[in-house]
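What follows is the content of upload19.pdb, which has PDB, C-alpha atoms and all ligand atoms:
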```
ATOM      1  CA  MET A   1      30.931  24.610  43.148  1.00  0.00           C
ATOM      2  CA  THR A   2      28.730  27.698  43.073  1.00  0.00           C
ATOM      3  CA  LEU A   3      25.090  27.538  42.016  1.00  0.00           C
ATOM      4  CA  LEU A   4      24.420  31.250  42.140  1.00  0.00           C
ATOM      5  CA  GLN A   5      26.810  34.162  42.423  1.00  0.00           C
ATOM      6  CA  ALA A   6      25.298  37.612  42.876  1.00  0.00           C
ATOM      7  CA  ARG A   7      27.758  40.493  42.742  1.00  0.00           C
ATOM      8  CA  ASP A   8      27.322  44.140  43.764  1.00  0.00           C
ATOM      9  CA  LEU A   9      23.584  44.344  43.167  1.00  0.00           C
ATOM     10  CA  SER A  10      22.134  47.847  43.307  1.00  0.00           C
ATOM     11  CA  LEU A  11      18.545  48.754  42.504  1.00  0.00           C
ATOM     12  CA  ARG A  12      16.567  51.936  42.950  1.00  0.00           C
ATOM     13  CA  LEU A  13      12.777  51.591  43.211  1.00  0.00           C
ATOM     14  CA  GLY A  14      11.013  54.936  42.977  1.00  0.00           C
ATOM     15  CA  THR A  15      12.928  57.209  45.342  1.00  0.00           C
ATOM     16  CA  THR A  16      14.260  54.328  47.477  1.00  0.00           C
ATOM     17  CA  GLN A  17      17.678  52.733  47.084  1.00  0.00           C
ATOM     18  CA  ALA A  18      16.217  49.258  47.690  1.00  0.00           C
ATOM     19  CA  LEU A  19      19.574  47.483  47.190  1.00  0.00           C
ATOM     20  CA  GLN A  20      23.107  48.842  47.390  1.00  0.00           C
ATOM     21  CA  ASP A  21      26.168  46.728  46.497  1.00  0.00           C
ATOM     22  CA  VAL A  22      24.760  43.430  47.721  1.00  0.00           C
ATOM     23  CA  SER A  23      26.710  40.234  47.029  1.00  0.00           C
ATOM     24  CA  VAL A  24      25.516  36.716  47.852  1.00  0.00           C
ATOM     25  CA  ASP A  25      26.833  33.249  46.920  1.00  0.00           C
ATOM     26  CA  LEU A  26      24.811  30.073  46.937  1.00  0.00           C
ATOM     27  CA  SER A  27      26.134  26.531  46.605  1.00  0.00           C
ATOM     28  CA  PRO A  28      24.022  23.454  45.815  1.00  0.00           C
ATOM     29  CA  GLY A  29      22.228  22.327  48.981  1.00  0.00           C
ATOM     30  CA  ASP A  30      22.823  25.615  50.851  1.00  0.00           C
ATOM     31  CA  VAL A  31      20.032  26.910  53.079  1.00  0.00           C
ATOM     32  CA  VAL A  32      20.366  30.689  53.437  1.00  0.00           C
ATOM     33  CA  SER A  33      18.056  33.017  55.332  1.00  0.00           C
ATOM     34  CA  ILE A  34      17.614  36.710  54.536  1.00  0.00           C
ATOM     35  CA  MET A  35      16.541  38.712  57.579  1.00  0.00           C
ATOM     36  CA  GLY A  36      16.213  42.388  58.447  1.00  0.00           C
ATOM     37  CA  PRO A  37      13.619  45.010  59.311  1.00  0.00           C
ATOM     38  CA  SER A  38      10.599  45.788  57.173  1.00  0.00           C
ATOM     39  CA  GLY A  39      11.656  47.751  54.093  1.00  0.00           C
ATOM     40  CA  SER A  40      15.333  46.710  54.330  1.00  0.00           C
ATOM     41  CA  GLY A  41      15.302  45.098  50.874  1.00  0.00           C
ATOM     42  CA  LYS A  42      14.809  41.398  51.613  1.00  0.00           C
ATOM     43  CA  SER A  43      12.096  40.716  49.027  1.00  0.00           C
ATOM     44  CA  THR A  44      13.837  42.906  46.471  1.00  0.00           C
ATOM     45  CA  LEU A  45      17.024  40.870  46.918  1.00  0.00           C
ATOM     46  CA  LEU A  46      15.110  37.594  46.573  1.00  0.00           C
ATOM     47  CA  HIS A  47      13.453  38.859  43.395  1.00  0.00           C
ATOM     48  CA  CYS A  48      16.825  39.854  41.915  1.00  0.00           C
ATOM     49  CA  LEU A  49      18.382  36.473  42.795  1.00  0.00           C
ATOM     50  CA  ALA A  50      15.451  34.749  41.066  1.00  0.00           C
ATOM     51  CA  GLY A  51      15.590  36.943  37.968  1.00  0.00           C
ATOM     52  CA  VAL A  52      12.146  38.425  38.638  1.00  0.00           C
ATOM     53  CA  LEU A  53      13.678  41.892  38.952  1.00  0.00           C
ATOM     54  CA  VAL A  54      16.761  43.045  37.071  1.00  0.00           C
ATOM     55  CA  PRO A  55      19.087  45.267  39.144  1.00  0.00           C
ATOM     56  CA  ASP A  56      20.353  48.618  37.842  1.00  0.00           C
ATOM     57  CA  SER A  57      23.897  47.302  38.225  1.00  0.00           C
ATOM     58  CA  GLY A  58      25.663  44.138  39.306  1.00  0.00           C
ATOM     59  CA  SER A  59      25.373  40.565  38.040  1.00  0.00           C
ATOM     60  CA  VAL A  60      23.528  37.380  38.994  1.00  0.00           C
ATOM     61  CA  LEU A  61      25.311  34.333  37.615  1.00  0.00           C
ATOM     62  CA  PHE A  62      22.987  31.327  37.896  1.00  0.00           C
ATOM     63  CA  GLU A  63      24.296  28.016  36.538  1.00  0.00           C
ATOM     64  CA  SER A  64      26.486  29.875  34.021  1.00  0.00           C
ATOM     65  CA  THR A  65      23.763  32.298  32.833  1.00  0.00           C
ATOM     66  CA  ASP A  66      23.942  35.946  33.864  1.00  0.00           C
ATOM     67  CA  LEU A  67      20.295  36.683  34.664  1.00  0.00           C
ATOM     68  CA  THR A  68      20.917  40.425  34.426  1.00  0.00           C
ATOM     69  CA  ARG A  69      21.842  40.020  30.739  1.00  0.00           C
ATOM     70  CA  SER A  70      19.096  37.562  29.811  1.00  0.00           C
ATOM     71  CA  SER A  71      15.816  38.348  28.086  1.00  0.00           C
ATOM     72  CA  ASP A  72      12.498  38.195  29.956  1.00  0.00           C
ATOM     73  CA  ALA A  73      11.712  34.964  28.097  1.00  0.00           C
ATOM     74  CA  GLU A  74      15.025  33.353  29.041  1.00  0.00           C
ATOM     75  CA  ARG A  75      14.607  34.304  32.704  1.00  0.00           C
ATOM     76  CA  SER A  76      11.034  32.940  32.697  1.00  0.00           C
ATOM     77  CA  ARG A  77      12.272  29.661  31.220  1.00  0.00           C
ATOM     78  CA  ILE A  78      15.017  29.366  33.848  1.00  0.00           C
ATOM     79  CA  ARG A  79      12.533  30.103  36.637  1.00  0.00           C
ATOM     80  CA  LEU A  80      10.123  27.472  35.370  1.00  0.00           C
ATOM     81  CA  GLN A  81      12.748  24.780  34.845  1.00  0.00           C
ATOM     82  CA  ARG A  82      15.304  25.376  37.589  1.00  0.00           C
ATOM     83  CA  MET A  83      13.596  27.308  40.397  1.00  0.00           C
ATOM     84  CA  GLY A  84      10.702  26.756  42.799  1.00  0.00           C
ATOM     85  CA  PHE A  85       8.782  29.408  44.752  1.00  0.00           C
ATOM     86  CA  VAL A  86       6.859  29.409  48.037  1.00  0.00           C
ATOM     87  CA  PHE A  87       5.052  32.566  49.157  1.00  0.00           C
ATOM     88  CA  GLN A  88       3.458  33.614  52.434  1.00  0.00           C
ATOM     89  CA  PHE A  89      -0.088  32.831  51.336  1.00  0.00           C
ATOM     90  CA  GLY A  90       0.501  29.583  49.425  1.00  0.00           C
ATOM     91  CA  ASP A  91      -0.999  31.123  46.270  1.00  0.00           C
ATOM     92  CA  LEU A  92      -2.547  27.788  45.319  1.00  0.00           C
ATOM     93  CA  ILE A  93      -5.184  27.986  42.591  1.00  0.00           C
ATOM     94  CA  PRO A  94      -8.476  27.639  44.467  1.00  0.00           C
ATOM     95  CA  GLU A  95     -10.382  26.005  41.595  1.00  0.00           C
ATOM     96  CA  LEU A  96      -7.884  23.128  41.453  1.00  0.00           C
ATOM     97  CA  THR A  97      -7.377  20.254  43.897  1.00  0.00           C
ATOM     98  CA  MET A  98      -4.110  19.969  45.818  1.00  0.00           C
ATOM     99  CA  VAL A  99      -2.755  17.328  43.438  1.00  0.00           C
ATOM    100  CA  GLU A 100      -3.745  19.384  40.377  1.00  0.00           C
ATOM    101  CA  ASN A 101      -1.899  22.378  41.840  1.00  0.00           C
ATOM    102  CA  VAL A 102       1.240  20.278  42.288  1.00  0.00           C
ATOM    103  CA  MET A 103       0.945  18.884  38.745  1.00  0.00           C
ATOM    104  CA  LEU A 104       1.044  22.384  37.228  1.00  0.00           C
ATOM    105  CA  PRO A 105       4.815  22.974  36.942  1.00  0.00           C
ATOM    106  CA  LEU A 106       5.267  19.528  35.402  1.00  0.00           C
ATOM    107  CA  GLN A 107       2.495  20.119  32.882  1.00  0.00           C
ATOM    108  CA  LEU A 108       3.934  23.521  31.974  1.00  0.00           C
ATOM    109  CA  LEU A 109       7.209  21.700  31.320  1.00  0.00           C
ATOM    110  CA  GLY A 110       5.456  19.259  29.000  1.00  0.00           C
ATOM    111  CA  THR A 111       5.173  16.184  31.234  1.00  0.00           C
ATOM    112  CA  LYS A 112       2.295  13.857  30.318  1.00  0.00           C
ATOM    113  CA  ARG A 113      -0.759  14.319  32.543  1.00  0.00           C
ATOM    114  CA  SER A 114      -0.714  10.771  33.937  1.00  0.00           C
ATOM    115  CA  GLU A 115       2.976  10.966  34.837  1.00  0.00           C
ATOM    116  CA  ALA A 116       2.525  14.460  36.299  1.00  0.00           C
ATOM    117  CA  ARG A 117      -0.304  13.134  38.485  1.00  0.00           C
ATOM    118  CA  ASP A 118       1.810  10.202  39.741  1.00  0.00           C
ATOM    119  CA  ARG A 119       4.769  12.423  40.565  1.00  0.00           C
ATOM    120  CA  ALA A 120       2.551  15.019  42.265  1.00  0.00           C
ATOM    121  CA  ARG A 121       0.919  12.332  44.435  1.00  0.00           C
ATOM    122  CA  THR A 122       4.321  10.902  45.407  1.00  0.00           C
ATOM    123  CA  MET A 123       5.489  14.401  46.370  1.00  0.00           C
ATOM    124  CA  LEU A 124       2.361  15.046  48.446  1.00  0.00           C
ATOM    125  CA  ASP A 125       2.830  11.681  50.209  1.00  0.00           C
ATOM    126  CA  GLU A 126       6.434  12.566  51.010  1.00  0.00           C
ATOM    127  CA  LEU A 127       5.277  15.837  52.581  1.00  0.00           C
ATOM    128  CA  GLU A 128       2.594  13.904  54.508  1.00  0.00           C
ATOM    129  CA  VAL A 129      -0.342  15.628  52.845  1.00  0.00           C
ATOM    130  CA  GLY A 130      -1.275  12.762  50.519  1.00  0.00           C
ATOM    131  CA  ASP A 131      -4.580  12.355  52.374  1.00  0.00           C
ATOM    132  CA  VAL A 132      -5.768  15.799  51.218  1.00  0.00           C
ATOM    133  CA  ALA A 133      -4.578  15.383  47.604  1.00  0.00           C
ATOM    134  CA  ASP A 134      -8.123  15.586  46.258  1.00  0.00           C
ATOM    135  CA  GLY A 135      -9.193  18.486  48.500  1.00  0.00           C
ATOM    136  CA  THR A 136      -9.305  22.139  47.498  1.00  0.00           C
ATOM    137  CA  VAL A 137      -7.907  25.166  49.343  1.00  0.00           C
ATOM    138  CA  GLY A 138     -11.237  25.718  51.093  1.00  0.00           C
ATOM    139  CA  VAL A 139     -11.219  22.379  52.896  1.00  0.00           C
ATOM    140  CA  VAL A 140      -7.588  21.903  53.930  1.00  0.00           C
ATOM    141  CA  SER A 141      -5.791  23.609  56.829  1.00  0.00           C
ATOM    142  CA  GLY A 142      -3.383  26.507  56.279  1.00  0.00           C
ATOM    143  CA  GLY A 143      -0.453  24.223  57.128  1.00  0.00           C
ATOM    144  CA  GLN A 144      -1.608  21.545  54.689  1.00  0.00           C
ATOM    145  CA  ALA A 145      -2.038  24.155  51.962  1.00  0.00           C
ATOM    146  CA  GLN A 146       1.450  25.485  52.617  1.00  0.00           C
ATOM    147  CA  ARG A 147       2.996  21.987  52.516  1.00  0.00           C
ATOM    148  CA  THR A 148       1.181  21.531  49.187  1.00  0.00           C
ATOM    149  CA  ALA A 149       2.795  24.790  48.009  1.00  0.00           C
ATOM    150  CA  VAL A 150       6.155  23.299  49.044  1.00  0.00           C
ATOM    151  CA  ALA A 151       5.336  20.160  47.042  1.00  0.00           C
ATOM    152  CA  ARG A 152       4.519  22.310  44.012  1.00  0.00           C
ATOM    153  CA  ALA A 153       7.806  24.199  44.401  1.00  0.00           C
ATOM    154  CA  LEU A 154       9.819  20.948  44.496  1.00  0.00           C
ATOM    155  CA  VAL A 155       7.996  18.550  42.185  1.00  0.00           C
ATOM    156  CA  HIS A 156      10.002  19.462  39.064  1.00  0.00           C
ATOM    157  CA  GLU A 157      13.321  18.989  40.940  1.00  0.00           C
ATOM    158  CA  PRO A 158      14.538  22.608  40.826  1.00  0.00           C
ATOM    159  CA  ALA A 159      18.085  23.601  41.744  1.00  0.00           C
ATOM    160  CA  VAL A 160      16.875  26.265  44.179  1.00  0.00           C
ATOM    161  CA  ILE A 161      13.736  27.119  46.135  1.00  0.00           C
ATOM    162  CA  PHE A 162      12.959  30.749  46.951  1.00  0.00           C
ATOM    163  CA  ALA A 163      10.627  31.123  49.933  1.00  0.00           C
ATOM    164  CA  ASP A 164       9.291  34.544  51.005  1.00  0.00           C
ATOM    165  CA  GLU A 165       7.880  34.372  54.560  1.00  0.00           C
ATOM    166  CA  PRO A 166       6.765  30.757  53.959  1.00  0.00           C
ATOM    167  CA  THR A 167       5.307  30.397  57.468  1.00  0.00           C
ATOM    168  CA  GLY A 168       4.149  34.002  57.918  1.00  0.00           C
ATOM    169  CA  ALA A 169       0.456  33.077  57.910  1.00  0.00           C
ATOM    170  CA  LEU A 170       0.744  29.986  60.172  1.00  0.00           C
ATOM    171  CA  ASP A 171       0.861  29.301  63.898  1.00  0.00           C
ATOM    172  CA  SER A 172       4.219  28.099  65.201  1.00  0.00           C
ATOM    173  CA  ALA A 173       3.413  24.349  65.228  1.00  0.00           C
ATOM    174  CA  ALA A 174       2.154  24.384  61.631  1.00  0.00           C
ATOM    175  CA  GLY A 175       5.053  26.660  60.651  1.00  0.00           C
ATOM    176  CA  GLU A 176       7.577  24.206  62.060  1.00  0.00           C
ATOM    177  CA  LEU A 177       6.040  21.337  60.070  1.00  0.00           C
ATOM    178  CA  VAL A 178       6.241  23.407  56.886  1.00  0.00           C
ATOM    179  CA  MET A 179       9.869  24.331  57.549  1.00  0.00           C
ATOM    180  CA  ASP A 180      10.804  20.728  58.398  1.00  0.00           C
ATOM    181  CA  SER A 181       9.235  19.474  55.177  1.00  0.00           C
ATOM    182  CA  LEU A 182      10.676  22.262  53.050  1.00  0.00           C
ATOM    183  CA  VAL A 183      14.243  21.874  54.275  1.00  0.00           C
ATOM    184  CA  THR A 184      14.210  18.048  54.454  1.00  0.00           C
ATOM    185  CA  ALA A 185      12.702  17.592  50.990  1.00  0.00           C
ATOM    186  CA  ALA A 186      14.999  20.220  49.430  1.00  0.00           C
ATOM    187  CA  GLN A 187      18.110  18.773  51.086  1.00  0.00           C
ATOM    188  CA  SER A 188      17.310  15.211  50.020  1.00  0.00           C
ATOM    189  CA  ARG A 189      17.321  16.479  46.415  1.00  0.00           C
ATOM    190  CA  GLY A 190      20.405  18.671  46.777  1.00  0.00           C
ATOM    191  CA  ALA A 191      18.325  21.810  46.138  1.00  0.00           C
ATOM    192  CA  ALA A 192      19.404  25.089  47.718  1.00  0.00           C
ATOM    193  CA  VAL A 193      16.881  27.135  49.719  1.00  0.00           C
ATOM    194  CA  VAL A 194      16.732  30.922  50.090  1.00  0.00           C
ATOM    195  CA  LEU A 195      14.356  32.020  52.846  1.00  0.00           C
ATOM    196  CA  VAL A 196      13.141  35.546  53.506  1.00  0.00           C
ATOM    197  CA  THR A 197      11.845  35.745  57.061  1.00  0.00           C
ATOM    198  CA  HIS A 198      11.271  37.939  60.104  1.00  0.00           C
ATOM    199  CA  ASP A 199      11.130  34.867  62.309  1.00  0.00           C
ATOM    200  CA  ALA A 200      14.308  33.718  64.095  1.00  0.00           C
ATOM    201  CA  ARG A 201      12.893  30.188  64.413  1.00  0.00           C
ATOM    202  CA  VAL A 202      12.508  29.980  60.637  1.00  0.00           C
ATOM    203  CA  ALA A 203      15.996  31.430  60.152  1.00  0.00           C
ATOM    204  CA  SER A 204      17.413  28.792  62.508  1.00  0.00           C
ATOM    205  CA  TYR A 205      16.850  26.216  59.733  1.00  0.00           C
ATOM    206  CA  ALA A 206      19.442  28.016  57.617  1.00  0.00           C
ATOM    207  CA  HIS A 207      23.150  27.252  57.422  1.00  0.00           C
ATOM    208  CA  ARG A 208      23.877  30.924  56.858  1.00  0.00           C
ATOM    209  CA  ASN A 209      22.132  34.205  57.443  1.00  0.00           C
ATOM    210  CA  VAL A 210      22.285  37.412  55.435  1.00  0.00           C
ATOM    211  CA  THR A 211      21.024  40.392  57.422  1.00  0.00           C
ATOM    212  CA  MET A 212      19.801  43.384  55.431  1.00  0.00           C
ATOM    213  CA  ARG A 213      19.589  46.989  56.608  1.00  0.00           C
ATOM    214  CA  ASP A 214      18.668  49.918  54.360  1.00  0.00           C
ATOM    215  CA  GLY A 215      19.372  47.895  51.219  1.00  0.00           C
ATOM    216  CA  ARG A 216      22.795  46.689  52.326  1.00  0.00           C
ATOM    217  CA  VAL A 217      24.023  43.427  53.806  1.00  0.00           C
ATOM    218  CA  ARG A 218      24.766  44.045  57.470  1.00  0.00           C
ATOM    219  CA  ALA A 219      26.298  40.685  58.329  1.00  0.00           C
ATOM    220  CA  ALA A 220      26.770  37.576  56.250  1.00  0.00           C
ATOM    221  CA  ASP A 221      27.844  34.003  56.816  1.00  0.00           C
ATOM    222  CA  LEU A 222      26.783  33.838  60.434  1.00  0.00           C
ATOM    223  CA  THR A 223      26.599  30.246  61.590  1.00  0.00           C
ATOM    224  CA  SER A 224      23.065  29.254  62.490  1.00  0.00           C
ATOM    225  CA  MET A 225      22.288  27.937  65.961  1.00  0.00           C
ATOM    226  CA  ARG A 226      20.594  24.828  64.627  1.00  0.00           C
TER     227      ARG A 226
HETATM  228  N1  LIG B   1       7.635  49.002  43.404  1.00  0.00           N
HETATM  229  C1  LIG B   1       8.228  49.796  44.289  1.00  0.00           C
HETATM  230  N2  LIG B   1       8.277  51.140  44.101  1.00  0.00           N
HETATM  231  C2  LIG B   1       8.896  51.951  44.975  1.00  0.00           C
HETATM  232  N3  LIG B   1       9.499  51.514  46.112  1.00  0.00           N
HETATM  233  C3  LIG B   1       9.460  50.199  46.361  1.00  0.00           C
HETATM  234  C4  LIG B   1       8.828  49.276  45.481  1.00  0.00           C
HETATM  235  N4  LIG B   1       8.958  48.026  45.996  1.00  0.00           N
HETATM  236  C5  LIG B   1       9.638  48.158  47.159  1.00  0.00           C
HETATM  237  N5  LIG B   1       9.945  49.463  47.368  1.00  0.00           N
HETATM  238  C6  LIG B   1      10.708  49.996  48.503  1.00  0.00           C
HETATM  239  O1  LIG B   1      11.977  49.343  48.501  1.00  0.00           O
HETATM  240  C7  LIG B   1      12.393  49.084  49.843  1.00  0.00           C
HETATM  241  C8  LIG B   1      12.675  47.613  50.007  1.00  0.00           C
HETATM  242  O2  LIG B   1      11.451  46.876  49.909  1.00  0.00           O
HETATM  243  P1  LIG B   1      11.360  45.323  50.174  1.00  0.00           P
HETATM  244  O3  LIG B   1       9.957  44.907  49.919  1.00  0.00           O
HETATM  245  O4  LIG B   1      12.439  44.628  49.443  1.00  0.00           O
HETATM  246  O5  LIG B   1      11.675  45.231  51.744  1.00  0.00           O
HETATM  247  P2  LIG B   1      11.503  44.002  52.732  1.00  0.00           P
HETATM  248  O6  LIG B   1      12.715  43.999  53.598  1.00  0.00           O
HETATM  249  O7  LIG B   1      11.190  42.768  51.966  1.00  0.00           O
HETATM  250  O8  LIG B   1      10.232  44.473  53.564  1.00  0.00           O
HETATM  251  P3  LIG B   1       9.083  43.614  54.289  1.00  0.00           P
HETATM  252  O9  LIG B   1       9.753  42.864  55.386  1.00  0.00           O
HETATM  253  O10 LIG B   1       8.153  44.657  54.807  1.00  0.00           O
HETATM  254  O11 LIG B   1       8.462  42.739  53.238  1.00  0.00           O
HETATM  255  C9  LIG B   1      11.281  49.597  50.751  1.00  0.00           C
HETATM  256  O12 LIG B   1      11.640  50.892  51.186  1.00  0.00           O
HETATM  257  C10 LIG B   1      10.077  49.645  49.838  1.00  0.00           C
HETATM  258  O13 LIG B   1       9.169  50.648  50.270  1.00  0.00           O
END
```

Please render this file's structure as structure tokens.
Amino acid sequence: MTLLQARDLSLRLGTTQALQDVSVDLSPGDVVSIMGPSGSGKSTLLHCLAGVLVPDSGSVLFESTDLTRSSDAERSRIRLQRMGFVFQFGDLIPELTMVENVMLPLQLLGTKRSEARDRARTMLDELEVGDVADGTVGVVSGGQAQRTAVARALVHEPAVIFADEPTGALDSAAGELVMDSLVTAAQSRGAAVVLVTHDARVASYAHRNVTMRDGRVRAADLTSMR
């Protein structure tokens, strides 16, 4: 069964051919890393797979919807309901506590506040950051904030998590904890993970690697060492 099937994606950004004929498949529970030098098109590919950017040509079939033929509103709805996102700098809302940050996707999806709070707390406990649930970004460590961002990405049970340099701002010990929690929690729910990273240790969590160079896939389906 395929969760996401991207075919022959090409996209020009300004004067740069950011993607050229890129194809990627994702099955439920897959963990795929996207590596490659700076400027090779990794983030652009991730954004096309997630329906944030629409390629000039090619198709992105996600759970039977072609994201390249969907309206902005439809793609936003699919992202909210079926996808989770983790970025390099957590992007937690600083005015909210950790648990309030994790409640957000559920509340946007219409879950009652009390239920959203319970589910967010359970998720934070699972990621071993339940003790900082009532803290704000200013008082928790970078690793705790990033595990909270992972909790927020997973709390609404998405089919896929997109993570762009999720450990890029952390030291290696904290980064490993974030990766362990991300991959373990996603796998236990059958969610796929797409990771953009420069870091071979982060990529070693993946089942498959896609290496980009100048907007093209250089090598796909390499077996990870882990
Ligand atoms: N909005 C834009 N306008 C013009 N060119 C862009 C734009 N966004 C990205 N590019 C160019 O597209 C190419 C691919 O960028 P992208 O950010 O996908 O690379 P990347 O591999 O993720 O790089 P990095 O590792 O540095 O984040 C680069 O040459 C970049 O300069």

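For the structure in this document, the set picked by the PyMOL selection byres (((chain A and resi 67-83) around 8) and not hetatm) is Ala50, Gly51, Val52, Val54, Pro55, Gly58, Ser59, Val60, Leu61, Phe62, Thr65, Asp66, Gly84, Phe85, Pro105, Leu109, Ala153, His156, Glu157, Pro158, Ala159, Val160, Ile161 and Phe162 of chain A.
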
What does the distance between atom O8 of ligand LIG 1 (chain B) and CA of Ser23 in chain A come to in Å, to one decimal place?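 Value for the atom O8 of ligand LIG 1 (chain B)-CA of Ser23 in chain A distance: 18.2 Å.
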
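Taking all atoms listed in the file into account, Ala174 in chain A lies nearest to A:Ala145 out of the set A:Leu195, A:Leu4, A:Ala145, A:Val155.
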
Please identify all protein, DNA and RNA residues within 6 Å of ligand LIG 1 (chain B), counting all atoms listed in the file, and report them as a tab-separated table (two decimals) with C-alpha atoms, keeping the file's coordinate frame.
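The resulting file, result-v2.tsv, is reproduced below:
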```
chain	number	residue	atom	x	y	z
A	13	LEU	CA	12.78	51.59	43.21
A	14	GLY	CA	11.01	54.94	42.98
A	16	THR	CA	14.26	54.33	47.48
A	18	ALA	CA	16.22	49.26	47.69
A	37	PRO	CA	13.62	45.01	59.31
A	38	SER	CA	10.60	45.79	57.17
A	39	GLY	CA	11.66	47.75	54.09
A	40	SER	CA	15.33	46.71	54.33
A	41	GLY	CA	15.30	45.10	50.87
A	42	LYS	CA	14.81	41.40	51.61
A	43	SER	CA	12.10	40.72	49.03
A	44	THR	CA	13.84	42.91	46.47
```

At what distance in Å, to one decimal, does CA of Val102 in chain A lie from CA of Ala120 in chain A?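 About the pair CA of Ala120 in chain A and CA of Val102 in chain A: they are 5.4 Å apart.
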
Padding of 4 Å on every side, edges along x, y and z, all listed atoms of range 142-156 of chain A included: what centre and edge lengths in Å, to one decimal, does that box have, as JSON?
```
{"center_x": 3.3, "center_y": 22.5, "center_z": 48.1, "size_x": 21.4, "size_y": 16.0, "size_z": 26.1}
```

Which value, in Å to one decimal, gives the distance between CA of Val24 in chain A and CA of Met179 in chain A? 22.2 Å

Go through A:Val202, A:Met1, A:Ala6, A:Val32 one by one, measure the shortest atom-to-atom distance of each to Leu170 in chain A using all atoms listed in the file, and give the residue with the smallest value. A:Val202

Which residue of A:Val183, A:Val31, A:Val86, A:Leu124 approaches Glu165 in chain A most closely, using all atoms listed in the file: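 Selected residue with least distance to Glu165 in chain A: A:Val86.
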
Identify which of the residues A:Leu3, A:Val137, A:Leu45, A:Leu11 lies closest to Glu100 in chain A, counting only C-alpha atoms when measuring atom-to-atom distances.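 Looking only at the distances to Glu100 in chain A, the closest residue turns out to be A:Val137.
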
Could you tell me which of A:His198, A:Arg147, A:Arg189, A:Arg117 comes closest to Gly168 in chain A if we count all atoms listed in the file?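 When distances to Gly168 in chain A are compared using all atoms listed in the file, the smallest one comes from A:His198.
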
Skip Pro166 in chain A itself and residues of its chain fewer than 2 positions away, then list as an MDAnalysis selection string all residues within 6 Å of it, counting all atoms listed in the file. chainID A and resid 87:88 163:164 168

Writer output for current selection, C-alpha atoms, as a PDB file, keeping the file's coordinate frame:
```
ATOM      1  CA  PHE A  87       5.052  32.566  49.157  1.00  0.00           C
ATOM      2  CA  GLN A  88       3.458  33.614  52.434  1.00  0.00           C
ATOM      3  CA  ALA A 163      10.627  31.123  49.933  1.00  0.00           C
ATOM      4  CA  ASP A 164       9.291  34.544  51.005  1.00  0.00           C
ATOM      5  CA  GLY A 168       4.149  34.002  57.918  1.00  0.00           C
TER       6      GLY A 168
END
```

Residue rebuild result range 180-191 of chain A, N, CA and C atoms as a short mmCIF file (atom, residue, chain, number, x, y, z; two decimals), keeping the file's coordinate frame:
```cif
data_model
loop_
_atom_site.label_atom_id
_atom_site.label_comp_id
_atom_site.auth_asym_id
_atom_site.auth_seq_id
_atom_site.Cartn_x
_atom_site.Cartn_y
_atom_site.Cartn_z
N ASP A 180 10.18 22.06 58.40
CA ASP A 180 10.80 20.73 58.40
C ASP A 180 10.66 20.09 57.03
N SER A 181 9.42 20.15 56.47
CA SER A 181 9.24 19.47 55.18
C SER A 181 10.00 20.18 54.08
N LEU A 182 9.98 21.51 54.10
CA LEU A 182 10.68 22.26 53.05
C LEU A 182 12.17 21.93 53.05
N VAL A 183 12.79 22.05 54.22
CA VAL A 183 14.24 21.87 54.28
C VAL A 183 14.62 20.41 54.04
N THR A 184 13.88 19.47 54.64
CA THR A 184 14.21 18.05 54.45
C THR A 184 14.06 17.64 52.99
N ALA A 185 12.94 18.01 52.38
CA ALA A 185 12.70 17.59 50.99
C ALA A 185 13.70 18.26 50.05
N ALA A 186 14.03 19.53 50.29
CA ALA A 186 15.00 20.22 49.43
C ALA A 186 16.38 19.57 49.59
N GLN A 187 16.78 19.33 50.84
CA GLN A 187 18.11 18.77 51.09
C GLN A 187 18.25 17.38 50.48
N SER A 188 17.19 16.58 50.54
CA SER A 188 17.31 15.21 50.02
C SER A 188 17.49 15.24 48.49
N ARG A 189 17.16 16.35 47.87
CA ARG A 189 17.32 16.48 46.42
C ARG A 189 18.53 17.34 46.06
N GLY A 190 19.25 17.82 47.06
CA GLY A 190 20.40 18.67 46.78
C GLY A 190 20.04 20.07 46.33
N ALA A 191 18.75 20.46 46.54
CA ALA A 191 18.32 21.81 46.14
C ALA A 191 18.72 22.83 47.21
#
```
